[in-house]
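For reference, the structure discussed in these notes is given below.
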Amino acid sequence: MKRSGSLRSYVITRVLLAFPMLLILLTVVFLLMRVAPGDPITAALGGRVSAEELARRRHDAGYDRPLPIQYLEYLRGVATLNLGTTILDNRPMTQVIAQNGAATLELSFFAMIVAMVSGVGIGLIAGRYRDTAADLGGRLFGIVLYAAPVFFLGFLAQLTFGKWLDWLPTSGQTSPIVGATLATHTNLLVIDTIIDRNWTAFQDVVRHLIMPSVVLGLVIGGVFIRLVRVNLLQTMKGDYVEAARARGVKEGRVVYKHAFKNALVPVITIMGLEFAVLLSGAVLTEETFNWPGIGSELVRYLDNRDYIAVQGIIVVTGIVVVIVSLAIDILNAWVDPRIRY
Amino acid sequence: MTSQLETPPVPSSVDEDADLSPMQQRRLGALRRMWAPMHDAKGMPKVIVWVGIGITLAFVLMAIFATQIAPYAFDQYQTADGVRFVKQQAPSAQHLFGTNVMSTDVLSRVIFGSRTAIEVVLLSLFVSMAIGLPLGLISGYHGGKLDRTLVLFMDAMLAFPSLLFAIVIAFLLSKTFGHGVVTAALAISIVYVPQYFRVVRNHVISIREESYVEAARALGARPWTIMRRYVLQNVIQNVPIIATLNAADAILTLAALGFLGYGIQPTEAAEWGYDIQRAISDAGAGIWWTGLFPGLAIVLLVTGLTLVGEGLNDVLNPVIRKRPIQEVELPPREGTAPVQDEVAAP
């Protein structure tokens, strides 16, 4: 297989590959939702409205048409970003994504920062001082963090910092009063309060954000610790590290100047993989802390058999995942020329 | 320099089974080859593996003898004479770990929870391996269009947040299979099939190009024979690592499903994730025992399995394996000729 090694051709191939991937995801979601007995309308409203009303609404939504037609309609809807309205509370899906998606984005963003700082830091120390107490401690910390479900850590944090020390609020995105008076511009509350220079609200929002994002961040960071450590160990075996050592470069300088940077390149790839983990973790964190994100909405709609909402949320998540993995791959190819085969 | 002087570690147990028949020796061979690095492992990796095995075994024993160990049944909320347990009672002599919001004994639910966890993990490992392994073998060995399609499909599955898939699938399956072990295990297996597929396929692709496979092909071995004898034998060595790490992950997924209310229902079996979900609202009241103990059980079991997997990886993965380098004693200098020169001479 001979291909030109230019970045541009890599990007083009990768973008073209993203489309079939997206199509597969969309198809799987569609099939899953149709495997469910009955159609979405009957599942959500069956028994609650008259038979004629049900038939009318089914017809309006197009569920009496043959499956291939429905499939094409569905794909057209996704392509035009028209994901319908929820059956349960009649919200347009775009609104669900904008409001609850923003809450998830806020949570994930700060969690990712916590994860990077804690994970990469500890991982590098553990790898640098291999087989010492620091290594053992760092690895155990990473393994235990990995082993702890995010909702269990959340439970412990709520108990310790919420109940016993009474430092931080344990539930929701804002206090009820602040939430009722807050003006939303971007739906990202931290940014909204900064725009309005509403510092009391800003403080309230940040205080609510700390516990969920630290808990989620630490759990994701646990995975980073293991991977960064192994990466560093592999890099330290590299020829150029050996060469630097042979030249008499001091061990500390070898590690910091030669090994660290290269050990961190694969972390970008891992970040891409971790993004899906982050989203899974976000669902659990949101449920634990009553965070009004897209994950807790998914569970709520699933509880109420609102397939339109469930399908919409999963489709949007899928699109985001594909875009993020595409972006990370391109970033990776840009950083590491070996990847552009 | 030292690496050239290093003498290869002598396999310590070669002569022990000299009296076995060749057939027996060959069968032992595969196992021994898998086990040999474990035997040679020194220091931390070895400790890690054994600590992990110890923890895991403890849970397995707990699961097997749950009925004998647990003071009460997992769904028992009253004594034999019909006196109801006190709700959310702090740990006491009667209930060592206290009782929860459902008035059931926390200790008993933790013990029975290990049975549920291990049942689900075994079933889901079996199912996902039974699908992922053959698909990976065929896809990697044959290549071509089939391979490309499968890879694309599995990558799409792999990219998606697995928990979301598991929730939806558990929700759909629960209509047919109820809210028990089978539904949870199947939902979890579907999540792990792409992982097995990917690891096996990538491994097969690298093995396919090895000279011994080519030699077998040149000798006229059938594809099925090559796959079974040369490819599968090698691929299977990696399976313990993936399996233990996936088992750890599966326990977390099971707990997550339970936590979100799409796992095992409390009437079917005891499940740790579900118990923690019920305990979240206790945190505000300072009731710690309802969530702490099931949580610790998850952390311990997952840690145990991860230690086994990580340790095995440390021991088996040649890329990060640290081979014991034996001390080389240089002969004492005689005359003026430096020893190094002799060693370096071609």
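In the structure tokens, the first chain shown is A, the next is B, and so on; residue numbers restart at 1 for each chain, and ligands run from 1 in the order shown.
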
(request) May I have the residues within 8 Å of A:Ile330 as a PyMOL selection string, using only C-alpha atoms and disregarding those fewer than 3 positions away in the same chain? (result) chain A and resi 10-11+14+326-327+333-334

(message) Among stretch 28-255 of chain B, which residues does DSSP mark as alpha helix (DSSP H) when it is run on the backbone? Keep the chain and numbering as in the structure and answer as a PyMOL selection string.
(response) chain B and resi 28-40+44-64+66-69+106-142+144-159+162-177+181-208+211-218+223-225+233-235+239-255

(request) May I have the residues within 10 Å of A:Thr317 as a ChimeraX atom specification, using only C-alpha atoms and disregarding those fewer than 6 positions away in the same chain? (result) /A:97,101,276,279,294-295,311,323 /B:160-161,164

(request) Just need the residues of chain B within 7 Å of chain A, counting only C-alpha atoms, so spit them out as a list in words. (result) Leu152, Phe153, Ala156, Ala159, Phe160, Pro161, Ser162, Leu163, Leu164, Leu172, Leu252, Ile276, Ile280, Ala283, Gly284, Gly286, Gly295, Ile298, Val299, Val302, Thr303, Val319 and Ile320 of chain B

How would the residues just chosen look if you wrote them out with C-alpha atoms as a compact mmCIF listing (two decimals), in the first residue's frame?
```
# COMPACT_ATOMS: atom_id res chain seq x y z
CA LEU B 152 -15.53 -0.21 10.06
CA PHE B 153 -18.56 -1.57 11.86
CA ALA B 156 -18.06 2.63 14.93
CA ALA B 159 -16.11 4.84 19.30
CA PHE B 160 -19.53 5.16 20.82
CA PRO B 161 -19.91 5.57 24.60
CA SER B 162 -20.39 1.95 25.59
CA LEU B 163 -22.57 2.66 28.57
CA LEU B 164 -25.20 4.40 26.46
CA LEU B 172 -34.77 -3.49 24.94
CA LEU B 252 -18.15 -1.52 36.52
CA ILE B 276 -25.48 2.54 45.78
CA ILE B 280 -27.21 8.33 47.22
CA ALA B 283 -25.67 10.71 51.95
CA GLY B 284 -27.50 13.92 52.81
CA GLY B 286 -25.21 11.17 56.95
CA GLY B 295 -18.99 0.49 46.92
CA ILE B 298 -16.87 -3.06 43.75
CA VAL B 299 -13.57 -1.25 44.27
CA VAL B 302 -12.28 -4.52 40.26
CA THR B 303 -8.88 -3.72 41.80
CA VAL B 319 7.66 -4.19 25.17
CA ILE B 320 7.66 -3.14 28.81
```

(message) Give me the residues near B:Leu107 as a ChimeraX atom specification, where near means some atom within 12 Å (using only C-alpha atoms) and where sequence neighbours in that chain fewer than 4 positions away do not count.
(response) /B:62,66,69-76,90-100,103,111-114,270,272,275,289-294,296-297

(request) Quote the spacing between atom CA of A:Arg65 and atom CA of A:Phe30 in Å to one decimal place. (result) 14.7 Å

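Omitting stretch 242-244 of chain B and its sequence neighbours fewer than 4 positions away, and counting only C-alpha atoms, the residues within 7 Å are Asn238, Ala248, Leu305, Thr306, Val308 and Gly309 of chain B.
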
Store the residues of this selection in a file with N, CA and C atoms, as a short mmCIF file (atom, residue, chain, number, x, y, z; two decimals), in the first residue's frame.
```
data_model
loop_
_atom_site.label_atom_id
_atom_site.label_comp_id
_atom_site.auth_asym_id
_atom_site.auth_seq_id
_atom_site.Cartn_x
_atom_site.Cartn_y
_atom_site.Cartn_z
N ASN B 238 -2.84 -13.97 24.51
CA ASN B 238 -3.20 -12.64 24.94
C ASN B 238 -4.53 -12.61 25.66
N ALA B 248 -12.92 -6.83 34.79
CA ALA B 248 -12.95 -5.69 35.71
C ALA B 248 -13.89 -4.62 35.18
N LEU B 305 -9.07 -7.76 40.00
CA LEU B 305 -9.00 -8.21 38.61
C LEU B 305 -8.02 -7.36 37.81
N THR B 306 -8.01 -6.05 38.08
CA THR B 306 -7.09 -5.18 37.34
C THR B 306 -5.65 -5.52 37.67
N VAL B 308 -4.47 -8.40 38.49
CA VAL B 308 -4.12 -9.61 37.74
C VAL B 308 -3.79 -9.24 36.30
N GLY B 309 -4.68 -8.46 35.68
CA GLY B 309 -4.49 -8.09 34.28
C GLY B 309 -3.24 -7.27 34.07
#
```

(request) Please identify all polymer residues within 12 Å of B:Thr267, counting only C-alpha atoms, omitting same-chain residues fewer than 4 positions from it, and present them as a list of chain:residue names. (result)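 The contact residues come out as B:Ala73, B:Phe74, B:Asp75, B:Gln76, B:Tyr77, B:Met102, B:Thr104, B:Arg109, B:Gly178, B:His179, B:Gly180, B:Val181, B:Gly263, B:Glu271, B:Tyr274.
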
Any chance you could export the current selection's N, CA and C atoms as an mmCIF file, in the first residue's frame?
```cif
data_model
loop_
_atom_site.group_PDB
_atom_site.id
_atom_site.type_symbol
_atom_site.label_atom_id
_atom_site.label_comp_id
_atom_site.auth_asym_id
_atom_site.auth_seq_id
_atom_site.Cartn_x
_atom_site.Cartn_y
_atom_site.Cartn_z
ATOM 1 N N ALA B 73 -30.993 -13.695 53.827
ATOM 2 C CA ALA B 73 -31.146 -13.739 52.374
ATOM 3 C C ALA B 73 -31.043 -12.314 51.839
ATOM 4 N N PHE B 74 -30.730 -12.210 50.518
ATOM 5 C CA PHE B 74 -30.476 -10.870 49.985
ATOM 6 C C PHE B 74 -31.733 -9.997 49.962
ATOM 7 N N ASP B 75 -32.922 -10.657 49.936
ATOM 8 C CA ASP B 75 -34.144 -9.848 49.901
ATOM 9 C C ASP B 75 -34.962 -10.018 51.186
ATOM 10 N N GLN B 76 -34.288 -10.431 52.247
ATOM 11 C CA GLN B 76 -34.995 -10.687 53.497
ATOM 12 C C GLN B 76 -35.093 -9.385 54.293
ATOM 13 N N TYR B 77 -36.308 -8.983 54.631
ATOM 14 C CA TYR B 77 -36.466 -7.721 55.356
ATOM 15 C C TYR B 77 -37.113 -7.933 56.723
ATOM 16 N N MET B 102 -34.363 -0.373 52.128
ATOM 17 C CA MET B 102 -35.349 -1.422 51.867
ATOM 18 C C MET B 102 -35.474 -2.363 53.065
ATOM 19 N N THR B 104 -33.293 -4.269 54.197
ATOM 20 C CA THR B 104 -32.546 -5.524 54.049
ATOM 21 C C THR B 104 -31.154 -5.357 54.652
ATOM 22 N N ARG B 109 -26.464 -8.446 51.415
ATOM 23 C CA ARG B 109 -26.567 -7.990 50.026
ATOM 24 C C ARG B 109 -25.190 -7.848 49.395
ATOM 25 N N GLY B 178 -36.466 -10.327 30.925
ATOM 26 C CA GLY B 178 -36.693 -9.882 32.298
ATOM 27 C C GLY B 178 -35.542 -9.037 32.807
ATOM 28 N N HIS B 179 -35.559 -8.778 34.100
ATOM 29 C CA HIS B 179 -34.560 -7.864 34.656
ATOM 30 C C HIS B 179 -33.502 -8.611 35.449
ATOM 31 N N GLY B 180 -33.076 -9.751 34.953
ATOM 32 C CA GLY B 180 -32.140 -10.567 35.713
ATOM 33 C C GLY B 180 -30.739 -10.576 35.144
ATOM 34 N N VAL B 181 -30.030 -11.641 35.511
ATOM 35 C CA VAL B 181 -28.626 -11.788 35.154
ATOM 36 C C VAL B 181 -28.438 -11.849 33.630
ATOM 37 N N GLY B 263 -30.269 -2.298 35.291
ATOM 38 C CA GLY B 263 -29.559 -3.550 35.520
ATOM 39 C C GLY B 263 -30.493 -4.559 36.150
ATOM 40 N N GLU B 271 -27.479 -6.581 43.855
ATOM 41 C CA GLU B 271 -26.539 -5.985 42.907
ATOM 42 C C GLU B 271 -26.011 -4.694 43.529
ATOM 43 N N TYR B 274 -27.073 -1.023 42.122
ATOM 44 C CA TYR B 274 -28.428 -0.635 42.499
ATOM 45 C C TYR B 274 -28.455 -0.149 43.948
#
```

Selection: 8 Å around B:Val235, only C-alpha atoms, excl. self and same-chain fewer than 3 positions, as an mmCIF file with N, CA and C atoms, in the first residue's frame:
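What landed in around_1.cif:
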```cif
data_model
loop_
_atom_site.group_PDB
_atom_site.id
_atom_site.type_symbol
_atom_site.label_atom_id
_atom_site.label_comp_id
_atom_site.auth_asym_id
_atom_site.auth_seq_id
_atom_site.Cartn_x
_atom_site.Cartn_y
_atom_site.Cartn_z
ATOM 1 N N VAL B 200 -7.983 -9.337 18.685
ATOM 2 C CA VAL B 200 -7.692 -10.603 18.010
ATOM 3 C C VAL B 200 -7.320 -10.354 16.556
ATOM 4 N N HIS B 203 -3.870 -8.862 16.119
ATOM 5 C CA HIS B 203 -2.850 -9.851 16.417
ATOM 6 C C HIS B 203 -2.718 -10.856 15.267
ATOM 7 N N VAL B 204 -3.867 -11.291 14.761
ATOM 8 C CA VAL B 204 -3.861 -12.262 13.667
ATOM 9 C C VAL B 204 -3.130 -11.689 12.459
ATOM 10 N N VAL B 231 -2.172 -19.833 14.283
ATOM 11 C CA VAL B 231 -2.646 -18.484 14.605
ATOM 12 C C VAL B 231 -3.337 -18.463 15.965
ATOM 13 N N LEU B 232 -4.332 -19.330 16.128
ATOM 14 C CA LEU B 232 -5.111 -19.318 17.367
ATOM 15 C C LEU B 232 -4.227 -19.559 18.584
ATOM 16 N N ASN B 238 -2.835 -13.973 24.506
ATOM 17 C CA ASN B 238 -3.200 -12.638 24.944
ATOM 18 C C ASN B 238 -4.531 -12.613 25.660
ATOM 19 N N VAL B 239 -5.306 -13.671 25.476
ATOM 20 C CA VAL B 239 -6.668 -13.649 25.980
ATOM 21 C C VAL B 239 -6.759 -13.453 27.500
#
```

(request) State, in Å with one decimal place, the distance from atom CA of A:Ile87 to atom CA of A:Thr181. (result)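 Going from atom CA of A:Ile87 over to atom CA of A:Thr181 covers 28.2 Å.
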
(request) Enter the distance from atom CA of B:Gly140 to atom CA of A:Val228, in Å, rounded to one decimal. (result)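 Separation between atom CA of B:Gly140 and atom CA of A:Val228: 29.1 Å.
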
(request) May I ask which of the residues A:Tyr71, A:Leu218, A:Thr193, A:Glu53 is the closest one to A:Gly119, counting only C-alpha atoms? (result) A:Leu218
